[in-house]
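Please read the structure below before turning to the comments.
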Amino acid sequence: MSRALTEIEVDILAESMNIGVGQAASTLSMLTSRKIEIQMHRVKVVYAAGLQELLGGCSPGWHSCILQRFRGPFSGEGICVFSVDPIEWVELIMAGQELPVDVESRNDILLEMGNILNSNLIGSVMNILGLCVEFDLPRYFRNNNCSVFDVELQVVGDGDVQLMLCTPIGLTAGGRSLEMMLVLEGAGLQYFTDMFERQFGPQTAKKS
Amino acid sequence: MRILVVDDSMMSRMILMKNISAAAPGAVIDQASNGQQGVDMVRVSVEKSAPYNIVFLDCLMPVVDGIQALRQIRVIDPDRPVVMVTANIQNKIKEEAEELKCMAFLNKTGDSAAIAALLKSLVSV
């Protein structure tokens, strides 16, 4: 189940995500010393039942993902999805330094990378809204014959929870790629609309 | 120069220490992997009359987070230079850190120029 967003809602969300991902990409560029290309797709609102199709369709054959939950005036999740082994990104980030050989250390690097990207994205969006949220520690999941949707549902539960998903934004550098997604639960969309009305007046954010 | 780096991520500690070493060759750099450990190390350094010249502090950490750690450090040592190095770039977090007199609030980019400028300003004081 899903509904179409109004044009102005799409614009608000897309631009907020643009700014947030721009910040994350800028940080990733500094970390890797590479130019980061950004590909953005359309923003959609889906409900729990629609997430499976959306997330499954976003990243077929995904390798692993890093989820980071945030809590505040509304809750949600930042998600980094890797289509191939993210060790490729670790090699870029650690260029010139000896790569750790043990799995725990490599996972530590991946979790920190996910933390940096998700926090930059979510933090930028919250700054736009004038809100502040708290972050949980990031979690790393390998694809164990399940979809990103299954992983997400482990967190949000499988009830009839309305979710808003801004999907997905690809970041690539030197042949490496990842996708960033932002799941906003419940009142998330309302905060964007209210913020826009405060800035520009009630007419502009009216639904068509 | 004695420097304390507090971050739960080994990667971020390594990147930060690499940048610090490049900007301040010969600096002695200690590490802590969570906020509580960092606070304890600051406390011990003050008790031994050998305080750190500067503390680099992450925000999101297990046990005690960066803001809580900074609050505790201010009780121990109200004027110790502390730099927040965090991916949590929310304005309200920055304001909270500034209220606790953090010297600077850096995004986790491994920005060597910003770190070098900070250390240089510390030496010139």
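So you can find residues: chains in the structure tokens are A, B, ... in the order shown, residues in each start at 1, and ligands are numbered from 1 in order.
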*Pick out the residues sitting within 8 Å of A:Phe192, and hand them over as a list of chain:residue names; count only C-alpha atoms, and ignore anything fewer than 3 positions along from it in its own chain.*
A:Glu9, A:Ile12, A:Leu13, A:Leu129, A:Gly188, A:Leu189, A:Met195, A:Phe196
Between chain A and chain B, at 9 Å or less, what are the per-residue closest atom pairs and their distances in Å? Count only C-alpha atoms, order by chain and rising residue number, and return it as CSV.
residue,atom,partner,partner_atom,distance
A:Ser26,CA,B:Thr109,CA,8.5
A:Thr27,CA,B:Thr109,CA,5.3
A:Leu28,CA,B:Thr109,CA,7.4
A:Ser29,CA,B:Thr109,CA,8.4
A:Met30,CA,B:Thr109,CA,5.5
A:Leu31,CA,B:Thr109,CA,5.6
A:Ile93,CA,B:Met11,CA,9.0
A:Met94,CA,B:Met11,CA,8.1
A:Ser105,CA,B:Met10,CA,7.4
A:Arg106,CA,B:Met11,CA,8.9
A:Asp108,CA,B:Ser9,CA,6.2
A:Ile109,CA,B:Met11,CA,5.3
A:Leu110,CA,B:Met11,CA,8.9
A:Leu111,CA,B:Ser9,CA,8.2
A:Glu112,CA,B:Ser9,CA,6.2
A:Met113,CA,B:Met11,CA,8.8
A:Asn115,CA,B:Ala87,CA,7.1
A:Ile116,CA,B:Ala87,CA,4.8
A:Leu117,CA,B:Ala87,CA,7.6
A:Asn118,CA,B:Ala87,CA,8.4
A:Ser119,CA,B:Asn88,CA,5.3
A:Asn120,CA,B:Ala87,CA,5.8
A:Ile122,CA,B:Gln90,CA,8.5
A:Gly123,CA,B:Gln90,CA,4.8
A:Ser124,CA,B:Gln90,CA,6.6
A:Val125,CA,B:Gln90,CA,8.7
A:Met126,CA,B:Gln90,CA,6.7
A:Asn127,CA,B:Gln90,CA,5.7
A:Gly130,CA,B:Asn91,CA,8.1
A:Leu131,CA,B:Lys92,CA,7.8
A:Cys132,CA,B:Lys92,CA,6.2
A:Val133,CA,B:Gln90,CA,8.4
A:Phe135,CA,B:Leu60,CA,7.4
A:Asp136,CA,B:Leu60,CA,8.0
A:Leu137,CA,B:Leu60,CA,7.3
For C-alpha atoms, I'd like the residues from the last selection saved as an mmCIF file, in the first residue's frame.
data_model
loop_
_atom_site.group_PDB
_atom_site.id
_atom_site.type_symbol
_atom_site.label_atom_id
_atom_site.label_comp_id
_atom_site.auth_asym_id
_atom_site.auth_seq_id
_atom_site.Cartn_x
_atom_site.Cartn_y
_atom_site.Cartn_z
ATOM 1 C CA SER A 26 31.308 15.324 1.023
ATOM 2 C CA THR A 27 32.450 13.478 4.119
ATOM 3 C CA LEU A 28 32.934 10.241 2.181
ATOM 4 C CA SER A 29 34.973 12.157 -0.367
ATOM 5 C CA MET A 30 37.229 13.493 2.388
ATOM 6 C CA LEU A 31 37.596 10.008 3.876
ATOM 7 C CA ILE A 93 39.381 4.702 3.432
ATOM 8 C CA MET A 94 42.478 3.044 4.840
ATOM 9 C CA SER A 105 38.422 -4.887 13.131
ATOM 10 C CA ARG A 106 37.102 -4.791 9.592
ATOM 11 C CA ASP A 108 34.516 -1.936 13.219
ATOM 12 C CA ILE A 109 35.644 0.105 10.222
ATOM 13 C CA LEU A 110 32.444 -0.657 8.327
ATOM 14 C CA LEU A 111 30.263 0.278 11.283
ATOM 15 C CA GLU A 112 32.093 3.566 11.655
ATOM 16 C CA MET A 113 31.694 4.278 7.961
ATOM 17 C CA ASN A 115 27.774 5.746 11.374
ATOM 18 C CA ILE A 116 29.473 8.642 9.614
ATOM 19 C CA LEU A 117 27.280 8.457 6.504
ATOM 20 C CA ASN A 118 23.992 7.866 8.305
ATOM 21 C CA SER A 119 24.672 10.499 10.972
ATOM 22 C CA ASN A 120 25.657 13.078 8.351
ATOM 23 C CA ILE A 122 20.112 12.313 9.272
ATOM 24 C CA GLY A 123 21.854 15.183 11.072
ATOM 25 C CA SER A 124 21.568 17.430 8.025
ATOM 26 C CA VAL A 125 17.887 16.614 7.614
ATOM 27 C CA MET A 126 17.242 17.318 11.304
ATOM 28 C CA ASN A 127 19.088 20.634 11.045
ATOM 29 C CA GLY A 130 15.247 22.459 13.443
ATOM 30 C CA LEU A 131 14.951 19.200 15.368
ATOM 31 C CA CYS A 132 17.356 17.054 17.321
ATOM 32 C CA VAL A 133 17.377 13.261 17.575
ATOM 33 C CA PHE A 135 21.256 7.924 17.587
ATOM 34 C CA ASP A 136 21.598 4.275 18.456
ATOM 35 C CA LEU A 137 24.852 2.530 17.641
#
*Please measure the separation of atom CA of A:Ile79 and atom CA of A:Leu67, giving the value in Å to one decimal.*
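Taking atom CA of A:Ile79 and atom CA of A:Leu67, their separation equals 4.6 Å.
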*When you draw a straight line from atom CA of B:Leu106 to atom CA of B:Met84, how long is it in Å?*
6.0 Å
_At a cut-off of 10 Å, using only C-alpha atoms, what residues contact B:Gly66? Leave out same-chain residues fewer than 6 positions from it and give the result as JSON, numbers by chain._
{"B": [6, 7, 34, 35, 36, 38, 39, 56, 57, 58, 59, 60, 72, 84, 85, 86, 97]}
*asked:* So that I can see what lies close to B:Tyr52, please list as a ChimeraX atom specification the residues with an atom at most 10 Å from it, counting only C-alpha atoms and leaving out residues fewer than 3 positions away in the same chain.
replied: /B:1-4,28-30,41-42,45-46,49,55,80-82
*Tell me which of A:Arg176, A:His63, A:Arg139, A:Arg198 sits closest to A:Glu37, counting only C-alpha atoms.*
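Ranking A:Arg176, A:His63, A:Arg139, A:Arg198 by distance to A:Glu37, first place goes to A:Arg176.
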*Could you check how far atom CA of A:Cys65 sits from atom CA of A:Asn107, in Å to one decimal?*
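Computing it gives 11.4 Å between the two atoms.
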*Check the smallest atom-to-atom distance from each of A:Gln23, A:Asn18, A:Thr6, A:Ser75 to A:Tyr191 using only C-alpha atoms, then report the winner.*
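The shortest atom-to-atom distance to A:Tyr191 comes from A:Ser75.
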*For A:Phe74: contacts at 8 Å, only C-alpha atoms, fewer than 6 positions along chain excluded, given as a PyMOL selection string*: chain A and resi 184-188
*asked:* Ranking B:Arg43, B:Lys48, B:Arg71, B:Lys120 by minimum distance to B:Glu96 and counting only C-alpha atoms, which one comes first?
replied: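 The answer is B:Arg71, which sits nearest to B:Glu96.
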*asked:* So, with only C-alpha atoms as the atoms that count, which of B:Val83, B:Val63, B:Ala32, B:Ile73 lies closest to B:Leu119?
replied: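 The answer is B:Val83, which sits nearest to B:Leu119.
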*Quick one: everything within 12 Å of A:Met180, counting only C-alpha atoms, minus sequence neighbours fewer than 6 positions away in the same chain. Send it as an NGL selection string.*
:A and (17-18 or 20-22 or 24-25 or 38-41 or 55 or 58-59 or 65-68 or 77-83 or 114-122 or 165-172)
*asked:* Could you go through chain B and tell me which residues DSSP, when run on the backbone, assigns to strand (DSSP E or B), listing them as a VMD selection string?
replied: chain B and resid 2 to 6 28 to 32 54 to 57 82 to 86 104 to 107
*Tell me, which residues of chain B carry DSSP helix (DSSP H, G or I), written as a ChimeraX atom specification?*
/B:10-23,35-47,66-76,91-99,112-124
